[in-house]
>>> print(open('target-v5.pdb').read())   # PDB, C-alpha atoms
ATOM      1  CA  MET F   1       0.000   0.000   0.000
ATOM      2  CA  ALA F   2       1.269   3.419  -0.926
ATOM      3  CA  LEU F   3       2.083   5.983   1.722
ATOM      4  CA  THR F   4      -0.929   8.102   2.624
ATOM      5  CA  GLN F   5      -0.759  11.870   2.533
ATOM      6  CA  LYS F   6      -1.240  12.016   6.292
ATOM      7  CA  GLU F   7       1.569   9.545   6.932
ATOM      8  CA  LEU F   8       3.895  11.559   4.727
ATOM      9  CA  GLY F   9       2.936  14.709   6.610
ATOM     10  CA  TYR F  10       3.677  13.088   9.977
ATOM     11  CA  ILE F  11       6.931  11.500   8.822
ATOM     12  CA  SER F  12       8.159  14.803   7.423
ATOM     13  CA  ASP F  13       7.243  16.613  10.657
ATOM     14  CA  GLU F  14       8.903  13.943  12.783
ATOM     15  CA  LEU F  15      12.063  14.064  10.679
ATOM     16  CA  ALA F  16      12.281  17.808  11.288
ATOM     17  CA  SER F  17      11.641  17.285  15.002
ATOM     18  CA  GLU F  18      14.284  14.572  15.257
ATOM     19  CA  GLN F  19      16.806  16.783  13.483
ATOM     20  CA  LEU F  20      16.093  19.585  15.909
ATOM     21  CA  ILE F  21      16.254  17.443  19.032
ATOM     22  CA  ILE F  22      19.569  15.927  17.901
ATOM     23  CA  LYS F  23      20.968  19.464  17.592
ATOM     24  CA  LYS F  24      19.543  20.300  20.984
ATOM     25  CA  TYR F  25      21.275  17.334  22.624
ATOM     26  CA  GLN F  26      24.511  18.122  20.779
ATOM     27  CA  THR F  27      24.401  21.630  22.230
ATOM     28  CA  ALA F  28      23.329  20.373  25.645
ATOM     29  CA  VAL F  29      26.083  17.778  25.913
ATOM     30  CA  ASN F  30      28.691  20.544  25.576
ATOM     31  CA  GLN F  31      26.988  22.813  28.073
ATOM     32  CA  VAL F  32      26.689  20.484  31.057
ATOM     33  CA  THR F  33      29.490  19.254  33.299
ATOM     34  CA  ASP F  34      27.577  16.576  35.194
ATOM     35  CA  PRO F  35      28.891  13.226  33.840
ATOM     36  CA  GLN F  36      25.518  11.534  34.297
ATOM     37  CA  LEU F  37      23.800  14.182  32.173
ATOM     38  CA  LYS F  38      26.596  14.159  29.584
ATOM     39  CA  ASN F  39      26.234  10.414  29.361
ATOM     40  CA  VAL F  40      22.476  10.342  28.884
ATOM     41  CA  PHE F  41      22.536  13.244  26.425
ATOM     42  CA  GLN F  42      25.164  11.501  24.335
ATOM     43  CA  LYS F  43      23.130   8.312  24.405
ATOM     44  CA  ASN F  44      19.989  10.175  23.349
ATOM     45  CA  ILE F  45      21.795  11.681  20.351
ATOM     46  CA  ASN F  46      22.339   8.139  19.100
ATOM     47  CA  VAL F  47      18.788   7.029  19.879
ATOM     48  CA  HIS F  48      17.360   9.974  17.976
ATOM     49  CA  GLN F  49      19.771   9.458  15.112
ATOM     50  CA  ASN F  50      18.446   5.904  14.828
ATOM     51  CA  HIS F  51      14.877   7.158  14.857
ATOM     52  CA  TYR F  52      15.758   9.644  12.158
ATOM     53  CA  ASN F  53      17.139   6.839   9.992
ATOM     54  CA  SER F  54      14.082   4.638  10.629
ATOM     55  CA  LEU F  55      11.801   7.463   9.532
ATOM     56  CA  LEU F  56      13.881   8.042   6.439
ATOM     57  CA  ASN F  57      13.602   4.331   5.631
ATOM     58  CA  LEU F  58       9.806   4.602   5.643
ATOM     59  CA  LEU F  59      10.119   6.933   2.640
ATOM     60  CA  LYS F  60      11.923   4.342   0.554
TER      61      LYS F  60
ATOM     62  CA  MET G   1       9.122  21.740  16.714
ATOM     63  CA  ALA G   2       6.368  19.335  17.647
ATOM     64  CA  ARG G   3       4.204  22.272  18.621
ATOM     65  CA  LYS G   4       4.810  23.859  15.257
ATOM     66  CA  SER G   5       3.934  20.688  13.427
ATOM     67  CA  ALA G   6       0.695  20.333  15.360
ATOM     68  CA  LYS G   7      -0.192  23.877  14.359
ATOM     69  CA  VAL G   8       0.516  23.157  10.720
ATOM     70  CA  ASN G   9      -1.669  20.087  10.840
ATOM     71  CA  THR G  10      -4.532  21.994  12.412
ATOM     72  CA  THR G  11      -4.353  24.689   9.789
ATOM     73  CA  ALA G  12      -4.334  22.113   7.061
ATOM     74  CA  MET G  13      -7.287  20.311   8.577
ATOM     75  CA  ASN G  14      -9.260  23.517   8.976
ATOM     76  CA  SER G  15      -8.785  24.603   5.416
ATOM     77  CA  ALA G  16      -9.433  21.134   4.063
ATOM     78  CA  ALA G  17     -12.193  19.685   6.183
ATOM     79  CA  MET G  18     -13.920  22.627   7.775
ATOM     80  CA  PRO G  19     -13.508  25.683   5.571
ATOM     81  CA  ASP G  20     -16.617  27.261   7.071
ATOM     82  CA  MET G  21     -15.039  27.468  10.498
ATOM     83  CA  SER G  22     -12.387  29.920   9.399
ATOM     84  CA  GLY G  23     -12.996  33.620   9.298
ATOM     85  CA  GLY G  24     -15.834  35.276  11.156
ATOM     86  CA  SER G  25     -18.660  33.185   9.785
ATOM     87  CA  ILE G  26     -20.134  32.293  13.169
ATOM     88  CA  SER G  27     -20.046  35.818  14.471
ATOM     89  CA  LYS G  28     -21.435  36.959  11.149
ATOM     90  CA  GLN G  29     -24.324  34.573  11.636
ATOM     91  CA  ILE G  30     -24.905  35.869  15.122
ATOM     92  CA  ASP G  31     -24.672  39.415  13.910
ATOM     93  CA  SER G  32     -27.199  38.936  11.149
ATOM     94  CA  TYR G  33     -29.452  37.147  13.629
ATOM     95  CA  THR G  34     -29.181  40.064  16.037
ATOM     96  CA  ASN G  35     -29.674  42.375  13.126
ATOM     97  CA  SER G  36     -32.945  40.780  12.083
ATOM     98  CA  ASN G  37     -34.133  40.728  15.693
ATOM     99  CA  LEU G  38     -33.391  44.407  15.976
ATOM    100  CA  ARG G  39     -35.301  45.075  12.807
ATOM    101  CA  ASN G  40     -38.241  43.133  14.201
ATOM    102  CA  VAL G  41     -38.097  45.179  17.362
ATOM    103  CA  SER G  42     -38.037  48.423  15.459
ATOM    104  CA  SER G  43     -41.002  47.491  13.294
ATOM    105  CA  ASN G  44     -43.034  46.102  16.194
ATOM    106  CA  ALA G  45     -42.320  48.682  18.832
ATOM    107  CA  ALA G  46     -42.555  52.035  17.150
ATOM    108  CA  ALA G  47     -42.042  53.853  20.439
ATOM    109  CA  THR G  48     -38.396  52.831  20.843
ATOM    110  CA  SER G  49     -37.058  55.883  19.133
ATOM    111  CA  GLY G  50     -33.370  55.059  19.105
ATOM    112  CA  ILE G  51     -33.649  51.810  17.228
ATOM    113  CA  ASN G  52     -36.655  52.919  15.258
ATOM    114  CA  VAL G  53     -35.085  56.057  13.851
ATOM    115  CA  THR G  54     -31.675  54.802  13.033
ATOM    116  CA  GLY G  55     -32.570  51.147  12.604
ATOM    117  CA  MET G  56     -29.940  48.863  11.250
ATOM    118  CA  PRO G  57     -28.994  49.154   7.614
ATOM    119  CA  ASN G  58     -29.791  45.998   5.746
ATOM    120  CA  ASP G  59     -26.234  45.638   4.562
ATOM    121  CA  TYR G  60     -24.942  45.972   8.119
ATOM    122  CA  ALA G  61     -22.342  43.226   8.172
ATOM    123  CA  PRO G  62     -19.615  43.995  10.693
ATOM    124  CA  THR G  63     -17.931  40.629  10.040
ATOM    125  CA  GLY G  64     -17.466  39.726  13.631
ATOM    126  CA  SER G  65     -16.812  43.124  15.097
ATOM    127  CA  ILE G  66     -18.235  42.124  18.476
ATOM    128  CA  SER G  67     -16.276  38.906  18.726
ATOM    129  CA  GLN G  68     -13.216  40.772  17.502
ATOM    130  CA  THR G  69     -13.577  43.209  20.379
ATOM    131  CA  ILE G  70     -13.946  40.323  22.815
ATOM    132  CA  ASP G  71     -10.945  38.606  21.282
ATOM    133  CA  ASN G  72      -8.833  41.699  21.668
ATOM    134  CA  THR G  73      -9.889  42.065  25.288
ATOM    135  CA  THR G  74      -9.174  38.420  25.979
ATOM    136  CA  ARG G  75      -5.835  38.699  24.262
ATOM    137  CA  GLN G  76      -5.020  41.746  26.362
ATOM    138  CA  ASN G  77      -5.982  39.928  29.538
ATOM    139  CA  LEU G  78      -3.993  36.878  28.526
ATOM    140  CA  SER G  79      -0.872  38.869  27.818
ATOM    141  CA  ASN G  80      -1.287  40.629  31.147
ATOM    142  CA  ALA G  81      -1.674  37.292  32.853
ATOM    143  CA  ASN G  82       1.414  36.007  31.104
ATOM    144  CA  SER G  83       3.538  38.927  32.121
ATOM    145  CA  ASN G  84       2.288  38.557  35.682
ATOM    146  CA  GLY G  85       2.777  34.827  35.450
ATOM    147  CA  THR G  86       6.513  35.119  35.149
ATOM    148  CA  ALA G  87       6.539  35.749  38.877
ATOM    149  CA  TYR G  88       5.765  32.067  39.347
ATOM    150  CA  ALA G  89       8.709  30.906  37.250
ATOM    151  CA  VAL G  90      11.380  28.995  39.105
ATOM    152  CA  ASN G  91      14.171  31.200  37.856
ATOM    153  CA  GLU G  92      12.605  34.590  37.696
ATOM    154  CA  PRO G  93      14.122  36.509  34.800
ATOM    155  CA  THR G  94      15.566  39.813  35.870
ATOM    156  CA  ALA G  95      15.685  42.619  33.368
ATOM    157  CA  GLY G  96      19.081  43.783  32.217
ATOM    158  CA  THR G  97      21.149  40.815  33.351
ATOM    159  CA  ALA G  98      22.093  38.083  30.912
ATOM    160  CA  GLN G  99      20.283  34.841  31.669
ATOM    161  CA  THR G 100      22.125  31.570  31.488
ATOM    162  CA  LEU G 101      20.500  28.181  31.357
ATOM    163  CA  THR G 102      21.354  26.046  34.335
ATOM    164  CA  GLU G 103      21.951  22.308  33.965
ATOM    165  CA  ARG G 104      18.495  21.852  35.385
ATOM    166  CA  ASP G 105      17.011  24.182  32.736
ATOM    167  CA  ILE G 106      18.815  22.348  29.953
ATOM    168  CA  THR G 107      17.599  18.969  31.184
ATOM    169  CA  ALA G 108      14.057  20.272  31.658
ATOM    170  CA  ASP G 109      14.153  21.663  28.117
ATOM    171  CA  CYS G 110      15.208  18.275  26.750
ATOM    172  CA  LEU G 111      12.503  16.530  28.786
ATOM    173  CA  ARG G 112       9.908  18.957  27.464
ATOM    174  CA  SER G 113      11.017  18.296  23.887
ATOM    175  CA  GLU G 114      10.832  14.551  24.454
ATOM    176  CA  ILE G 115       7.282  14.888  25.762
ATOM    177  CA  LEU G 116       6.179  16.916  22.736
ATOM    178  CA  LEU G 117       7.883  14.476  20.410
ATOM    179  CA  LEU G 118       6.218  11.536  22.162
ATOM    180  CA  GLN G 119       2.819  13.135  21.795
ATOM    181  CA  SER G 120       3.244  13.744  18.085
ATOM    182  CA  TYR G 121       4.531  10.193  17.580
ATOM    183  CA  ASN G 122       1.443   8.922  19.358
ATOM    184  CA  SER G 123      -0.795  10.837  16.941
ATOM    185  CA  ALA G 124       1.271   9.617  14.015
ATOM    186  CA  CYS G 125       0.910   6.035  15.243
ATOM    187  CA  ILE G 126      -2.859   6.350  15.632
ATOM    188  CA  GLU G 127      -3.225   7.817  12.165
ATOM    189  CA  SER G 128      -0.995   5.454  10.257
ATOM    190  CA  ALA G 129      -2.727   3.289   7.675
ATOM    191  CA  ASN G 130       0.197   1.173   6.451
ATOM    192  CA  GLN G 131       1.333  -1.815   8.480
ATOM    193  CA  ASN G 132       5.030  -0.958   8.146
ATOM    194  CA  VAL G 133       4.475   2.708   9.017
ATOM    195  CA  PHE G 134       2.365   1.675  12.010
ATOM    196  CA  SER G 135       4.916  -0.772  13.384
ATOM    197  CA  GLY G 136       7.851   1.522  12.580
ATOM    198  CA  ILE G 137       6.295   4.467  14.392
ATOM    199  CA  LYS G 138       5.193   2.213  17.270
ATOM    200  CA  ASN G 139       8.777   1.000  17.744
ATOM    201  CA  ILE G 140      10.048   4.574  17.790
ATOM    202  CA  LEU G 141       7.243   5.513  20.192
ATOM    203  CA  ASN G 142       8.225   2.688  22.506
ATOM    204  CA  GLU G 143      11.892   3.693  22.560
ATOM    205  CA  GLU G 144      10.937   7.335  23.003
ATOM    206  CA  HIS G 145       9.036   6.350  26.134
ATOM    207  CA  ASP G 146      12.188   4.782  27.545
ATOM    208  CA  VAL G 147      14.232   7.884  26.708
ATOM    209  CA  HIS G 148      11.669  10.094  28.380
ATOM    210  CA  TYR G 149      11.356   7.875  31.432
ATOM    211  CA  GLU G 150      15.121   7.775  31.956
ATOM    212  CA  LEU G 151      15.405  11.552  31.660
ATOM    213  CA  PHE G 152      12.469  12.014  33.996
ATOM    214  CA  ASN G 153      13.987   9.661  36.548
ATOM    215  CA  ILE G 154      17.312  11.523  36.471
ATOM    216  CA  MET G 155      15.491  14.772  37.127
ATOM    217  CA  LYS G 156      13.445  13.206  39.920
ATOM    218  CA  GLN G 157      16.560  11.693  41.446
ATOM    219  CA  LYS G 158      18.303  15.075  41.426
ATOM    220  CA  GLY G 159      15.247  16.643  43.068
ATOM    221  CA  TRP G 160      14.557  18.699  39.950
ATOM    222  CA  TYR G 161      11.160  17.156  39.394
ATOM    223  CA  PRO G 162       9.417  16.761  42.724
ATOM    224  CA  VAL G 163       6.455  14.423  42.784
ATOM    225  CA  SER G 164       4.136  14.034  45.744
ATOM    226  CA  ASN G 165       2.519  10.774  46.763
ATOM    227  CA  ALA G 166      -1.227  10.341  46.806
ATOM    228  CA  ASN G 167      -2.872  10.326  50.206
ATOM    229  CA  PRO G 168      -3.479   6.633  51.225
ATOM    230  CA  GLN G 169      -6.944   7.578  52.497
ATOM    231  CA  ASP G 170      -7.778   9.011  49.052
ATOM    232  CA  ILE G 171      -6.606   5.772  47.449
ATOM    233  CA  ASN G 172      -8.869   3.787  49.795
ATOM    234  CA  ASN G 173     -11.785   6.096  49.072
ATOM    235  CA  THR G 174     -11.305   5.762  45.332
ATOM    236  CA  ARG G 175     -11.048   1.977  45.577
ATOM    237  CA  SER G 176     -14.192   1.663  47.656
ATOM    238  CA  MET G 177     -15.970   3.977  45.231
ATOM    239  CA  PHE G 178     -15.290   1.627  42.328
ATOM    240  CA  GLN G 179     -15.353  -1.714  44.155
ATOM    241  CA  VAL G 180     -18.472  -3.775  43.555
TER     242      VAL G 180
END
>>> encode(input="target-v5.pdb", output="structure tokens")
Amino acid sequence: MALTQKELGYISDELASEQLIIKKYQTAVNQVTDPQLKNVFQKNINVHQNHYNSLLNLLK
Amino acid sequence: MARKSAKVNTTAMNSAAMPDMSGGSISKQIDSYTNSNLRNVSSNAAATSGINVTGMPNDYAPTGSISQTIDNTTRQNLSNANSNGTAYAVNEPTAGTAQTLTERDITADCLRSEILLLQSYNSACIESANQNVFSGIKNILNEEHDVHYELFNIMKQKGWYPVSNANPQDINNTRSMFQV
């Protein structure tokens, strides 16, 4: 079944959101000194990068 | 981000599905209704000089002037409330001095973003029609929940996100209310 218009709309919005949140975490990881926060922020960059790739795969 | 996307979707929905809701159509309806009532009054009660003399022109269509006035007042009140509301903020901004985000602010900002993202993924999941889109989004949604929960727990653990326990008596009351 082809992608519906609504799905495309959501996927495009989510891709933009993921991009933005990755940038946010990249900024955040350099701003904090707490190792626990640094750790979780770094981990979340990777999680969101994976989500970004999964979304992109839905467009193939 | 997620807030913006929700806004875009709403606009799209309004223009596509409910074009009549945009603009001042409702207030226009009300106005023309009021208008016809006023005309009835003026024709029935000849003694009411003010309405009778001037009447309402038939083409009187203020396109929502009344609701516009109300909207402006509400907007004014809301902006007042917002400017007053800053007094409740945890880190009250002081004019003139440069504000820096604390580690707590940064973490809270990330948590907030995760929540908004989660909510939009939930909508996306509900509205997906394709099996692979549905399961793909649901997987992301599931992992997002874990990310959010971990971040929330860190904040709670640091005392940045205080939660208070429910009163045991209230729990008992609720249980007895629903117990058959």
>>> interface_residues(input="target-v5.pdb", of="chain G", to="chain F", cutoff="8 Å", atoms="all atoms listed in the file", output="number ranges by chain")
G: 1-2, 5, 103, 106-107, 110, 113, 117, 120-121, 124, 127-130, 132-133, 136-137, 140, 147, 151
>>> atom_distance(input="target-v5.pdb", atom1="atom CA of F:Gln26", atom2="atom CA of F:Ile45")
7.0 Å
>>> atom_distance(input="target-v5.pdb", atom1="atom CA of G:Leu111", atom2="atom CA of F:Ile22")
13.0 Å
>>> atom_distance(input="target-v5.pdb", atom1="atom CA of G:His145", atom2="atom CA of G:Glu114")
8.6 Å
>>> axis_aligned_box(input="target-v5.pdb", around="stretch 112-127 of chain G", padding_each_side="4 Å", output="lines of an AutoDock Vina configuration file")
center_x = 3.9
center_y = 12.5
center_z = 19.8
size_x = 22.2
size_y = 20.9
size_z = 23.3
